[in-house]
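K.L.:
Data: protein_0.cif, mmCIF, C-alpha atoms.
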data_model
loop_
_atom_site.label_atom_id
_atom_site.label_comp_id
_atom_site.auth_asym_id
_atom_site.auth_seq_id
_atom_site.Cartn_x
_atom_site.Cartn_y
_atom_site.Cartn_z
CA MET A 755 20.41 -26.47 10.78
CA SER A 756 17.27 -25.24 12.52
CA ASP A 757 14.82 -27.92 13.66
CA LEU A 758 11.11 -27.10 13.41
CA THR A 759 9.86 -30.65 14.13
CA ASN A 760 6.38 -30.52 15.71
CA LYS A 761 6.13 -26.77 15.08
CA LYS A 762 3.06 -25.44 13.31
CA ILE A 763 3.75 -22.24 11.36
CA ALA A 764 0.88 -20.06 10.16
CA PHE A 765 1.19 -18.23 6.82
CA LEU A 766 -1.38 -15.41 6.67
CA THR A 767 -2.54 -14.01 3.32
CA SER A 768 -5.55 -12.45 1.62
CA HIS A 769 -7.03 -13.97 -1.53
CA ILE A 770 -5.31 -11.69 -4.03
CA GLY A 771 -1.85 -10.44 -4.79
CA VAL A 772 0.49 -12.33 -2.50
CA GLU A 773 4.01 -12.19 -3.96
CA LYS A 774 4.56 -15.81 -4.99
CA ALA A 775 8.19 -16.18 -3.88
CA GLU A 776 7.43 -14.61 -0.50
CA LEU A 777 4.89 -17.34 0.18
CA GLU A 778 6.60 -20.33 -1.46
CA SER A 779 10.16 -19.75 -0.32
CA PRO A 780 9.64 -19.42 3.47
CA TRP A 781 7.04 -22.22 3.20
CA GLN A 782 9.72 -24.51 1.74
CA ALA A 783 12.19 -23.39 4.42
CA VAL A 784 9.72 -24.45 7.12
CA LEU A 785 9.22 -27.82 5.42
CA ASP A 786 12.99 -28.27 5.03
CA ALA A 787 13.41 -27.72 8.77
CA GLY A 788 10.79 -30.39 9.54
CA GLY A 789 8.01 -27.95 10.43
CA THR A 790 4.38 -27.86 9.36
CA PRO A 791 3.32 -24.74 7.40
CA LEU A 792 -0.40 -23.94 7.23
CA LEU A 793 -1.98 -21.37 4.92
CA ILE A 794 -4.60 -19.15 6.55
CA ALA A 795 -6.87 -16.79 4.61
CA PRO A 796 -10.27 -15.19 5.19
CA LYS A 797 -12.18 -17.82 3.18
CA ILE A 798 -11.78 -21.35 1.87
CA ALA A 799 -11.20 -20.09 -1.65
CA PRO A 800 -8.12 -19.82 -3.90
CA VAL A 801 -5.26 -17.49 -2.94
CA GLN A 802 -4.12 -15.80 -6.17
CA SER A 803 -0.39 -15.12 -6.21
CA MET A 804 1.40 -12.51 -8.33
CA VAL A 805 4.96 -12.10 -9.56
CA GLY A 806 6.41 -8.61 -9.34
CA ASP A 807 3.05 -7.40 -8.00
CA VAL A 808 1.35 -7.27 -11.41
CA ASP A 809 1.56 -10.66 -13.16
CA LYS A 810 -0.87 -13.35 -11.96
CA ASP A 811 0.73 -16.70 -11.26
CA ALA A 812 -0.17 -19.86 -9.31
CA THR A 813 -3.10 -20.13 -6.90
CA PHE A 814 -2.88 -21.79 -3.49
CA ASP A 815 -5.58 -23.42 -1.34
CA PRO A 816 -5.86 -22.30 2.29
CA ASP A 817 -5.69 -24.99 4.97
CA THR A 818 -8.08 -23.08 7.21
CA THR A 819 -9.74 -19.70 7.64
CA VAL A 820 -8.78 -16.74 9.78
CA ALA A 821 -12.07 -17.06 11.72
CA LYS A 822 -11.25 -20.66 12.65
CA SER A 823 -7.65 -19.84 13.64
CA SER A 824 -6.33 -18.87 17.03
CA VAL A 825 -2.82 -18.14 18.20
CA GLU A 826 -2.98 -21.26 20.42
CA ASP A 827 -3.00 -23.41 17.26
CA PHE A 828 0.42 -22.22 16.10
CA ASP A 829 4.01 -21.70 17.21
CA ALA A 830 4.81 -18.77 14.91
CA LEU A 831 3.45 -16.60 12.10
CA VAL A 832 4.76 -15.62 8.66
CA ILE A 833 3.27 -12.59 6.84
CA PRO A 834 4.30 -12.55 3.15
CA GLY A 835 4.10 -9.41 1.04
CA GLY A 836 2.76 -8.42 -2.32
CA THR A 837 1.48 -4.85 -2.32
CA VAL A 838 -2.16 -5.62 -3.09
CA ASN A 839 -2.15 -8.66 -0.77
CA ALA A 840 -0.71 -6.72 2.16
CA ASP A 841 -3.24 -3.93 1.59
CA HIS A 842 -6.06 -6.52 1.76
CA VAL A 843 -4.66 -8.26 4.86
CA ARG A 844 -4.53 -5.00 6.81
CA ALA A 845 -8.11 -4.22 5.75
CA ASP A 846 -9.41 -7.52 7.20
CA GLU A 847 -10.28 -6.96 10.85
CA ASP A 848 -10.02 -10.63 11.85
CA SER A 849 -6.62 -11.00 10.16
CA VAL A 850 -5.27 -7.97 12.01
CA ALA A 851 -6.68 -9.30 15.29
CA LEU A 852 -4.86 -12.61 14.70
CA VAL A 853 -1.58 -10.78 14.11
CA LYS A 854 -2.07 -8.87 17.36
CA GLN A 855 -2.71 -12.17 19.19
CA PHE A 856 0.77 -13.39 18.23
CA ALA A 857 2.44 -10.25 19.57
CA ASP A 858 0.35 -10.27 22.74
CA ALA A 859 1.12 -13.97 23.31
CA GLY A 860 4.86 -13.41 22.83
CA LYS A 861 4.99 -15.75 19.83
CA PRO A 862 7.36 -14.99 16.94
CA VAL A 863 6.30 -13.20 13.76
CA ALA A 864 8.21 -12.94 10.48
CA ALA A 865 7.07 -10.35 7.90
CA ILE A 866 8.58 -9.38 4.56
CA CYS A 867 8.25 -6.55 2.03
CA HIS A 868 4.75 -4.98 2.38
CA GLY A 869 3.73 -7.59 4.98
CA PRO A 870 4.60 -5.25 7.91
CA TRP A 871 1.51 -3.11 7.09
CA ALA A 872 -0.40 -5.71 9.15
CA LEU A 873 1.84 -4.79 12.11
CA VAL A 874 1.13 -1.08 11.55
CA GLU A 875 -2.58 -1.87 11.56
CA ALA A 876 -2.34 -4.10 14.66
CA GLY A 877 -0.69 -1.26 16.58
CA VAL A 878 2.16 -3.45 17.83
CA LEU A 879 5.13 -1.42 16.57
CA PRO A 880 5.88 1.07 19.38
CA GLY A 881 9.27 -0.01 20.78
CA LYS A 882 10.01 -2.39 17.89
CA THR A 883 12.76 -2.07 15.27
CA LEU A 884 12.16 -3.48 11.80
CA THR A 885 12.76 -3.28 8.08
CA SER A 886 10.27 -3.58 5.19
CA PHE A 887 9.87 -2.57 1.58
CA PRO A 888 11.20 1.02 1.69
CA SER A 889 7.83 2.57 0.74
CA LEU A 890 6.50 1.54 4.18
CA ARG A 891 9.18 3.45 6.06
CA THR A 892 6.97 6.47 6.80
CA ASP A 893 3.99 4.32 7.82
CA VAL A 894 6.19 2.20 10.12
CA THR A 895 7.80 5.26 11.70
CA ASN A 896 4.45 7.05 12.11
CA ALA A 897 3.12 3.89 13.81
CA GLY A 898 5.88 4.10 16.42
CA GLY A 899 8.38 1.62 14.98
CA SER A 900 12.06 2.28 14.26
CA TRP A 901 12.84 1.55 10.60
CA VAL A 902 16.20 0.15 9.47
CA ASP A 903 17.53 -0.68 6.01
CA GLU A 904 18.82 -4.24 6.53
CA THR A 905 18.64 -7.52 4.63
CA VAL A 906 17.05 -9.06 7.70
CA PHE A 907 16.43 -7.70 11.18
CA HIS A 908 15.58 -9.67 14.32
CA CYS A 909 13.97 -7.61 17.08
CA THR A 910 13.31 -9.06 20.54
CA ALA A 911 11.79 -5.95 22.18
CA ASN A 912 8.48 -6.08 24.07
CA GLY A 913 8.75 -9.82 24.75
CA TRP A 914 8.18 -11.13 21.21
CA ASP A 915 10.46 -11.96 18.31
CA LEU A 916 9.98 -10.04 15.07
CA VAL A 917 11.95 -11.02 11.95
CA THR A 918 11.64 -8.67 8.96
CA SER A 919 13.12 -8.31 5.47
CA ARG A 920 12.78 -5.82 2.61
CA ASN A 921 11.96 -7.75 -0.57
CA PRO A 922 12.27 -11.12 -2.38
CA ASP A 923 16.04 -10.63 -2.85
CA ASP A 924 16.39 -10.96 0.94
CA LEU A 925 14.62 -14.35 1.12
CA ASP A 926 17.70 -16.49 1.87
CA ALA A 927 18.55 -14.41 4.95
CA PHE A 928 14.88 -14.07 5.90
CA ASN A 929 14.31 -17.84 5.75
CA ALA A 930 17.46 -18.74 7.69
CA THR A 931 16.69 -16.23 10.43
CA LEU A 932 13.02 -17.10 10.83
CA ALA A 933 13.83 -20.83 10.97
CA ASP A 934 16.44 -20.17 13.66
CA VAL A 935 14.14 -17.89 15.69
CA PHE A 936 11.11 -20.15 15.30
CA SER A 937 13.15 -23.22 16.37
CA LYS A 938 13.90 -21.60 19.72
CA ALA A 939 10.32 -20.47 20.37
CA MET B 690 -21.03 23.77 -14.96
CA SER B 691 -17.46 24.43 -13.84
CA ASP B 692 -15.20 26.24 -16.29
CA LEU B 693 -11.55 25.17 -16.46
CA THR B 694 -10.69 27.17 -19.60
CA ASN B 695 -6.96 28.06 -19.59
CA LYS B 696 -6.34 25.82 -16.55
CA LYS B 697 -3.56 23.24 -16.72
CA ILE B 698 -4.23 20.24 -14.50
CA ALA B 699 -1.39 17.83 -13.65
CA PHE B 700 -2.17 14.11 -13.29
CA LEU B 701 0.66 12.40 -11.38
CA THR B 702 1.25 8.64 -11.71
CA SER B 703 4.00 6.06 -11.63
CA HIS B 704 4.56 3.70 -14.57
CA ILE B 705 2.67 0.73 -13.16
CA GLY B 706 -0.68 -0.04 -11.60
CA VAL B 707 -2.70 3.16 -11.88
CA GLU B 708 -6.39 2.29 -11.61
CA LYS B 709 -7.64 3.01 -15.13
CA ALA B 710 -10.95 4.66 -14.23
CA GLU B 711 -9.27 6.88 -11.64
CA LEU B 712 -7.04 8.31 -14.36
CA GLU B 713 -9.46 8.38 -17.30
CA SER B 714 -12.59 9.64 -15.58
CA PRO B 715 -11.23 12.80 -13.88
CA TRP B 716 -9.16 13.41 -17.06
CA GLN B 717 -12.37 13.47 -19.10
CA ALA B 718 -14.03 15.70 -16.51
CA VAL B 719 -11.20 18.22 -16.89
CA LEU B 720 -11.56 18.10 -20.69
CA ASP B 721 -15.34 18.47 -20.45
CA ALA B 722 -14.86 21.62 -18.38
CA GLY B 723 -12.52 23.08 -21.00
CA GLY B 724 -9.31 22.46 -19.04
CA THR B 725 -6.01 20.95 -20.19
CA PRO B 726 -4.99 17.72 -18.42
CA LEU B 727 -1.31 16.72 -18.55
CA LEU B 728 0.06 13.32 -17.52
CA ILE B 729 3.25 13.46 -15.44
CA ALA B 730 5.33 10.38 -14.60
CA PRO B 731 8.97 9.77 -13.65
CA LYS B 732 10.04 8.83 -17.20
CA ILE B 733 8.90 9.27 -20.81
CA ALA B 734 7.74 5.65 -20.94
CA PRO B 735 4.31 3.96 -20.94
CA VAL B 736 2.06 4.20 -17.89
CA GLN B 737 0.50 0.75 -17.45
CA SER B 738 -3.03 0.93 -16.04
CA MET B 739 -4.85 -1.84 -14.19
CA VAL B 740 -8.50 -2.62 -13.55
CA GLY B 741 -9.38 -3.75 -10.05
CA ASP B 742 -5.68 -3.51 -9.15
CA VAL B 743 -4.74 -6.86 -10.74
CA ASP B 744 -5.78 -6.92 -14.42
CA LYS B 745 -3.55 -5.02 -16.85
CA ASP B 746 -5.41 -2.75 -19.24
CA ALA B 747 -4.53 0.24 -21.46
CA THR B 748 -1.23 2.10 -21.36
CA PHE B 749 -0.93 5.89 -21.44
CA ASP B 750 1.92 8.14 -22.62
CA PRO B 751 3.14 10.86 -20.23
CA ASP B 752 3.19 14.42 -21.51
CA THR B 753 6.23 15.27 -19.43
CA THR B 754 8.37 13.98 -16.58
CA VAL B 755 8.32 14.72 -12.89
CA ALA B 756 11.85 16.13 -13.10
CA LYS B 757 10.78 18.64 -15.77
CA SER B 758 7.63 19.66 -13.88
CA SER B 759 7.22 22.45 -11.38
CA VAL B 760 4.17 23.66 -9.50
CA GLU B 761 4.39 26.96 -11.44
CA ASP B 762 3.44 25.07 -14.63
CA PHE B 763 0.02 23.99 -13.31
CA ASP B 764 -3.15 25.25 -11.64
CA ALA B 765 -4.01 22.05 -9.79
CA LEU B 766 -2.99 18.42 -9.24
CA VAL B 767 -4.88 15.11 -9.45
CA ILE B 768 -3.42 11.98 -7.80
CA PRO B 769 -5.20 8.81 -9.01
CA GLY B 770 -5.02 5.55 -7.09
CA GLY B 771 -4.34 1.93 -7.84
CA THR B 772 -2.61 0.21 -4.93
CA VAL B 773 0.65 -0.62 -6.71
CA ASN B 774 0.73 2.77 -8.48
CA ALA B 775 0.22 4.72 -5.27
CA ASP B 776 2.92 2.66 -3.56
CA HIS B 777 5.33 3.56 -6.40
CA VAL B 778 4.41 7.25 -6.42
CA ARG B 779 5.14 7.61 -2.71
CA ALA B 780 8.47 5.84 -3.19
CA ASP B 781 9.61 8.37 -5.82
CA GLU B 782 11.30 11.25 -4.05
CA ASP B 783 10.77 13.78 -6.88
CA SER B 784 7.08 12.90 -7.16
CA VAL B 785 6.58 13.41 -3.42
CA ALA B 786 8.46 16.73 -3.61
CA LEU B 787 6.14 17.88 -6.42
CA VAL B 788 3.08 17.01 -4.32
CA LYS B 789 4.51 19.01 -1.42
CA GLN B 790 5.08 21.99 -3.77
CA PHE B 791 1.34 22.14 -4.50
CA ALA B 792 0.42 22.20 -0.81
CA ASP B 793 3.14 24.74 -0.02
CA ALA B 794 2.01 26.96 -2.92
CA GLY B 795 -1.63 26.80 -1.81
CA LYS B 796 -2.72 25.15 -5.07
CA PRO B 797 -5.54 22.59 -5.04
CA VAL B 798 -4.95 18.84 -4.94
CA ALA B 799 -7.46 16.05 -5.60
CA ALA B 800 -6.56 12.48 -4.57
CA ILE B 801 -8.60 9.29 -4.72
CA CYS B 802 -8.44 5.77 -3.30
CA HIS B 803 -4.78 4.91 -2.49
CA GLY B 804 -3.59 8.23 -3.98
CA PRO B 805 -3.48 9.94 -0.55
CA TRP B 806 -0.39 7.87 0.38
CA ALA B 807 1.55 10.56 -1.52
CA LEU B 808 0.15 13.12 0.95
CA VAL B 809 1.21 10.91 3.89
CA GLU B 810 4.69 10.75 2.38
CA ALA B 811 4.83 14.52 1.71
CA GLY B 812 4.04 15.23 5.36
CA VAL B 813 1.25 17.68 4.50
CA LEU B 814 -1.63 16.08 6.45
CA PRO B 815 -1.42 17.61 9.96
CA GLY B 816 -4.53 19.79 10.27
CA LYS B 817 -6.19 18.35 7.14
CA THR B 818 -9.37 16.25 6.96
CA LEU B 819 -9.71 13.68 4.18
CA THR B 820 -11.07 10.37 3.02
CA SER B 821 -9.33 7.57 1.07
CA PHE B 822 -9.56 3.85 0.43
CA PRO B 823 -10.35 2.60 3.96
CA SER B 824 -7.09 0.62 4.25
CA LEU B 825 -5.19 3.94 4.43
CA ARG B 826 -7.15 5.16 7.45
CA THR B 827 -4.44 4.22 9.97
CA ASP B 828 -1.62 5.65 7.84
CA VAL B 829 -3.54 8.91 7.32
CA THR B 830 -4.34 9.21 11.02
CA ASN B 831 -0.78 8.36 12.06
CA ALA B 832 0.45 11.05 9.64
CA GLY B 833 -1.63 13.68 11.46
CA GLY B 834 -4.70 13.79 9.21
CA SER B 835 -8.32 13.38 10.29
CA TRP B 836 -9.95 10.55 8.34
CA VAL B 837 -13.63 10.60 7.37
CA ASP B 838 -15.77 8.05 5.52
CA GLU B 839 -17.39 10.22 2.85
CA THR B 840 -18.08 9.92 -0.90
CA VAL B 841 -16.08 13.10 -1.38
CA PHE B 842 -14.56 15.55 1.09
CA HIS B 843 -13.32 19.08 0.40
CA CYS B 844 -10.90 20.43 3.02
CA THR B 845 -9.72 24.04 2.96
CA ALA B 846 -7.46 23.94 6.06
CA ASN B 847 -3.87 25.24 5.98
CA GLY B 848 -4.49 27.48 2.99
CA TRP B 849 -4.88 24.83 0.28
CA ASP B 850 -7.83 22.92 -1.13
CA LEU B 851 -7.80 19.13 -0.82
CA VAL B 852 -10.51 17.05 -2.52
CA THR B 853 -10.53 13.33 -1.67
CA SER B 854 -12.66 10.27 -2.43
CA ARG B 855 -12.61 6.59 -1.42
CA ASN B 856 -12.75 4.47 -4.58
CA PRO B 857 -13.89 4.38 -8.24
CA ASP B 858 -17.58 4.25 -7.20
CA ASP B 859 -17.16 7.82 -5.90
CA LEU B 860 -15.86 9.20 -9.23
CA ASP B 861 -18.97 11.21 -10.19
CA ALA B 862 -18.86 13.16 -6.93
CA PHE B 863 -15.05 13.38 -7.04
CA ASN B 864 -15.05 14.79 -10.57
CA ALA B 865 -17.80 17.34 -9.92
CA THR B 866 -16.12 18.59 -6.76
CA LEU B 867 -12.61 18.82 -8.17
CA ALA B 868 -13.87 20.67 -11.26
CA ASP B 869 -15.71 23.13 -9.04
CA VAL B 870 -12.75 23.65 -6.69
CA PHE B 871 -10.20 23.87 -9.51
CA SER B 872 -12.38 26.41 -11.38
CA LYS B 873 -12.16 28.79 -8.43
CA ALA B 874 -8.39 28.38 -7.94
#
If you convert what's in this file into structure tokens, what do you get?

P.N.:
Amino acid sequence: MSDLTNKKIAFLTSHIGVEKAELESPWQAVLDAGGTPLLIAPKIAPVQSMVGDVDKDATFDPDTTVAKSSVEDFDALVIPGGTVNADHVRADEDSVALVKQFADAGKPVAAICHGPWALVEAGVLPGKTLTSFPSLRTDVTNAGGSWVDETVFHCTANGWDLVTSRNPDDLDAFNATLADVFSKA
Amino acid sequence: MSDLTNKKIAFLTSHIGVEKAELESPWQAVLDAGGTPLLIAPKIAPVQSMVGDVDKDATFDPDTTVAKSSVEDFDALVIPGGTVNADHVRADEDSVALVKQFADAGKPVAAICHGPWALVEAGVLPGKTLTSFPSLRTDVTNAGGSWVDETVFHCTANGWDLVTSRNPDDLDAFNATLADVFSKA
């Protein structure tokens, strides 16, 4: 069992369209391992989740804003998916800058489904191998990453850990791997 | 006034998440110019539209399927947006192949908002200049296109006309330009 005691784990979303299970399930995995998850979004305003990308579900309250967050405050980063959410995250300059800070600092990042668009936008994929929702394959490849079709993939290239998965069906493997990787960071 | 009499214009969508105005408004513009719009989707099943990407609205019935469609059947192609829709269109191999047929045949294509992801996926952007929803800028650039921030842009490079716009606020300019370009095709 991975131990995340005293580890602060950032969860980065926009305010609309995060896939509910991709936020809640890794969040619970961090809690179960004794870690402290913190929700970061552009504003202190509700984060509207969706199920299957198109049905609105629960809202979540951010713990802090992107502008007030720095990589020094956290041990690792989780980037959930949701097509509309991931499209909004990549369009937010400060959110993308925060993602880049984690890679530059050599701190681990876990991204699932459409979440890896933020990595495309941050320009941190050359030399990295990853998976994602299959529709991102071309964008990932064009951004210099190597795309694989795996339940979960852990890449250690370029001095930082990247854990990626394809979709909500991969969450058990995604959660176990990110907890293991984050516990060693 | 552009004249689209005897012109068949294909509108390509998936079954979920097309931005309603980006389907309805160019459709009406084609009708107003005397043309015949035809809705093409992967299956004979409802096309669920959304407003603002997250609120379900009207459904539309396809006139034919992607598998039964060929570039020879049409004079031009419109690719509406909607984030989830555009993500589904690019993930459908036959839809992407149909888009590529239009470029290869030198027939005009008009794409708006997130619609240009289908052009990224079809690999037809090297040498082309276009606009899109701003979040696609990196994907378009990485796919070899030159991205511009314009209400509407008409590119004639590589022997085929490409008309692109950024979002629903650009629809008046998008419609006028595509009707003009399609009328000369």

K.L.:
Which residues are close to Ser756 (chain A), i.e. within 7 Å by all atoms listed in the file, leaving aside same-chain residues fewer than 5 positions away? Reply as a PDB file with C-alpha atoms, in the coordinates of the input.

P.N.:
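Output file result.pdb is given in full below:
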ATOM      1  CA  ALA A 787      13.410 -27.720   8.770  1.00  0.00           C
ATOM      2  CA  ALA A 933      13.830 -20.830  10.970  1.00  0.00           C
ATOM      3  CA  ASP A 934      16.440 -20.170  13.660  1.00  0.00           C
ATOM      4  CA  SER A 937      13.150 -23.220  16.370  1.00  0.00           C
TER       5      SER A 937
END

K.L.:
Fewer than 3 positions away in the same chain doesn't count, so skip those; otherwise give me all residues within 12 Å of Ile733 (chain B), counting all atoms listed in the file, as an NGL selection string.

P.N.:
:B and (702-704 or 728-730 or 736 or 749-757)

K.L.:
Store the residues of this selection in a file with C-alpha atoms, as a PDB file, in the coordinates of the input.

P.N.:
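For reference, again.pdb as written:
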ATOM      1  CA  THR B 702       1.250   8.640 -11.710  1.00  0.00           C
ATOM      2  CA  SER B 703       4.000   6.060 -11.630  1.00  0.00           C
ATOM      3  CA  HIS B 704       4.560   3.700 -14.570  1.00  0.00           C
ATOM      4  CA  LEU B 728       0.060  13.320 -17.520  1.00  0.00           C
ATOM      5  CA  ILE B 729       3.250  13.460 -15.440  1.00  0.00           C
ATOM      6  CA  ALA B 730       5.330  10.380 -14.600  1.00  0.00           C
ATOM      7  CA  VAL B 736       2.060   4.200 -17.890  1.00  0.00           C
ATOM      8  CA  PHE B 749      -0.930   5.890 -21.440  1.00  0.00           C
ATOM      9  CA  ASP B 750       1.920   8.140 -22.620  1.00  0.00           C
ATOM     10  CA  PRO B 751       3.140  10.860 -20.230  1.00  0.00           C
ATOM     11  CA  ASP B 752       3.190  14.420 -21.510  1.00  0.00           C
ATOM     12  CA  THR B 753       6.230  15.270 -19.430  1.00  0.00           C
ATOM     13  CA  THR B 754       8.370  13.980 -16.580  1.00  0.00           C
ATOM     14  CA  VAL B 755       8.320  14.720 -12.890  1.00  0.00           C
ATOM     15  CA  ALA B 756      11.850  16.130 -13.100  1.00  0.00           C
ATOM     16  CA  LYS B 757      10.780  18.640 -15.770  1.00  0.00           C
TER      17      LYS B 757
END

K.L.:
What are the residues of chain B lining chain A at 6 Å or less? Count only C-alpha atoms, and put the answer as a count of residues only.

P.N.:
4

K.L.:
In Å to one decimal, how far is CA of Val863 (chain A) from CA of Asn912 (chain A)?

P.N.:
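Going from CA of Asn912 (chain A) over to CA of Val863 (chain A), I get 12.7 Å.
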
K.L.:
So what do you get for CA of Gln717 (chain B) versus CA of Met690 (chain B), distance-wise?

P.N.:
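Atom-to-atom, CA of Gln717 (chain B) and CA of Met690 (chain B) are spaced 14.1 Å apart.
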
K.L.:
Near Leu808 (chain B), counting only C-alpha atoms, which residues have an atom at most 8 Å away, once you skip same-chain residues fewer than 5 positions from it, shown as a JSON list (two decimals) with C-alpha atoms, in the frame of the given file?

P.N.:
[["chain", "number", "residue", "atom", "x", "y", "z"],
["B", 785, "VAL", "CA", 6.58, 13.41, -3.42],
["B", 788, "VAL", "CA", 3.08, 17.01, -4.32],
["B", 789, "LYS", "CA", 4.51, 19.01, -1.42],
["B", 813, "VAL", "CA", 1.25, 17.68, 4.50],
["B", 814, "LEU", "CA", -1.63, 16.08, 6.45]]

K.L.:
Tell me which protein, DNA and RNA residues are within 6 Å of region 915-928 of chain A, counting only C-alpha atoms, leaving out same-chain ones fewer than 2 positions away, and put them as a VMD selection string.

P.N.:
chain A and resid 862 to 867 884 to 887 905 to 910 930 to 931

K.L.:
Measure the distance from CA of Asn864 (chain B) to CA of Pro805 (chain B) in Å and round it to one decimal.

P.N.:
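CA of Pro805 (chain B) lies at a distance of 16.1 Å from CA of Asn864 (chain B).
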
K.L.:
So that all listed atoms of region 756-763 of chain B fit with 6 Å spare on each side, what axis-aligned box centre and edge lengths in Å, to one decimal, would you give as JSON?

P.N.:
{"center_x": 5.9, "center_y": 21.5, "center_z": -12.6, "size_x": 23.8, "size_y": 22.8, "size_z": 18.3}

K.L.:
Could you tell me, as a list in words, which residues have any atom at most 7 Å from (7.8, 20.6, -7.5), counting all atoms listed in the file?

P.N.:
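It turns out the residues near that spot are Ser758, Ser759, Val760, Ala786, Leu787, Val788 and Gln790 of chain B.
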
K.L.:
Could you tell me, as a compact mmCIF listing (two decimals) with C-alpha atoms, in the coordinates of the input, exactly which residues end up selected when the PyMOL selection byres ((chain A and resi 830) around 6) is applied to this structure?

P.N.:
# COMPACT_ATOMS: atom_id res chain seq x y z
CA ILE A 763 3.75 -22.24 11.36
CA PHE A 828 0.42 -22.22 16.10
CA ASP A 829 4.01 -21.70 17.21
CA LEU A 831 3.45 -16.60 12.10
CA LYS A 861 4.99 -15.75 19.83
CA PRO A 862 7.36 -14.99 16.94
CA VAL A 863 6.30 -13.20 13.76

K.L.:
Using the chain letters and numbers from the file, give me the residues hit by the PyMOL selection byres ((chain B and resi 720) around 12), as a ChimeraX atom specification.

P.N.:
/B:691-698,713-719,721-727,864,868

K.L.:
For the selection you just gave me, I'd like the residues written to a file as a PDB file, in the coordinates of the input, keeping C-alpha atoms.

P.N.:
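What ended up in out-v4.pdb:
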ATOM      1  CA  SER B 691     -17.460  24.430 -13.840  1.00  0.00           C
ATOM      2  CA  ASP B 692     -15.200  26.240 -16.290  1.00  0.00           C
ATOM      3  CA  LEU B 693     -11.550  25.170 -16.460  1.00  0.00           C
ATOM      4  CA  THR B 694     -10.690  27.170 -19.600  1.00  0.00           C
ATOM      5  CA  ASN B 695      -6.960  28.060 -19.590  1.00  0.00           C
ATOM      6  CA  LYS B 696      -6.340  25.820 -16.550  1.00  0.00           C
ATOM      7  CA  LYS B 697      -3.560  23.240 -16.720  1.00  0.00           C
ATOM      8  CA  ILE B 698      -4.230  20.240 -14.500  1.00  0.00           C
ATOM      9  CA  GLU B 713      -9.460   8.380 -17.300  1.00  0.00           C
ATOM     10  CA  SER B 714     -12.590   9.640 -15.580  1.00  0.00           C
ATOM     11  CA  PRO B 715     -11.230  12.800 -13.880  1.00  0.00           C
ATOM     12  CA  TRP B 716      -9.160  13.410 -17.060  1.00  0.00           C
ATOM     13  CA  GLN B 717     -12.370  13.470 -19.100  1.00  0.00           C
ATOM     14  CA  ALA B 718     -14.030  15.700 -16.510  1.00  0.00           C
ATOM     15  CA  VAL B 719     -11.200  18.220 -16.890  1.00  0.00           C
ATOM     16  CA  ASP B 721     -15.340  18.470 -20.450  1.00  0.00           C
ATOM     17  CA  ALA B 722     -14.860  21.620 -18.380  1.00  0.00           C
ATOM     18  CA  GLY B 723     -12.520  23.080 -21.000  1.00  0.00           C
ATOM     19  CA  GLY B 724      -9.310  22.460 -19.040  1.00  0.00           C
ATOM     20  CA  THR B 725      -6.010  20.950 -20.190  1.00  0.00           C
ATOM     21  CA  PRO B 726      -4.990  17.720 -18.420  1.00  0.00           C
ATOM     22  CA  LEU B 727      -1.310  16.720 -18.550  1.00  0.00           C
ATOM     23  CA  ASN B 864     -15.050  14.790 -10.570  1.00  0.00           C
ATOM     24  CA  ALA B 868     -13.870  20.670 -11.260  1.00  0.00           C
TER      25      ALA B 868
END
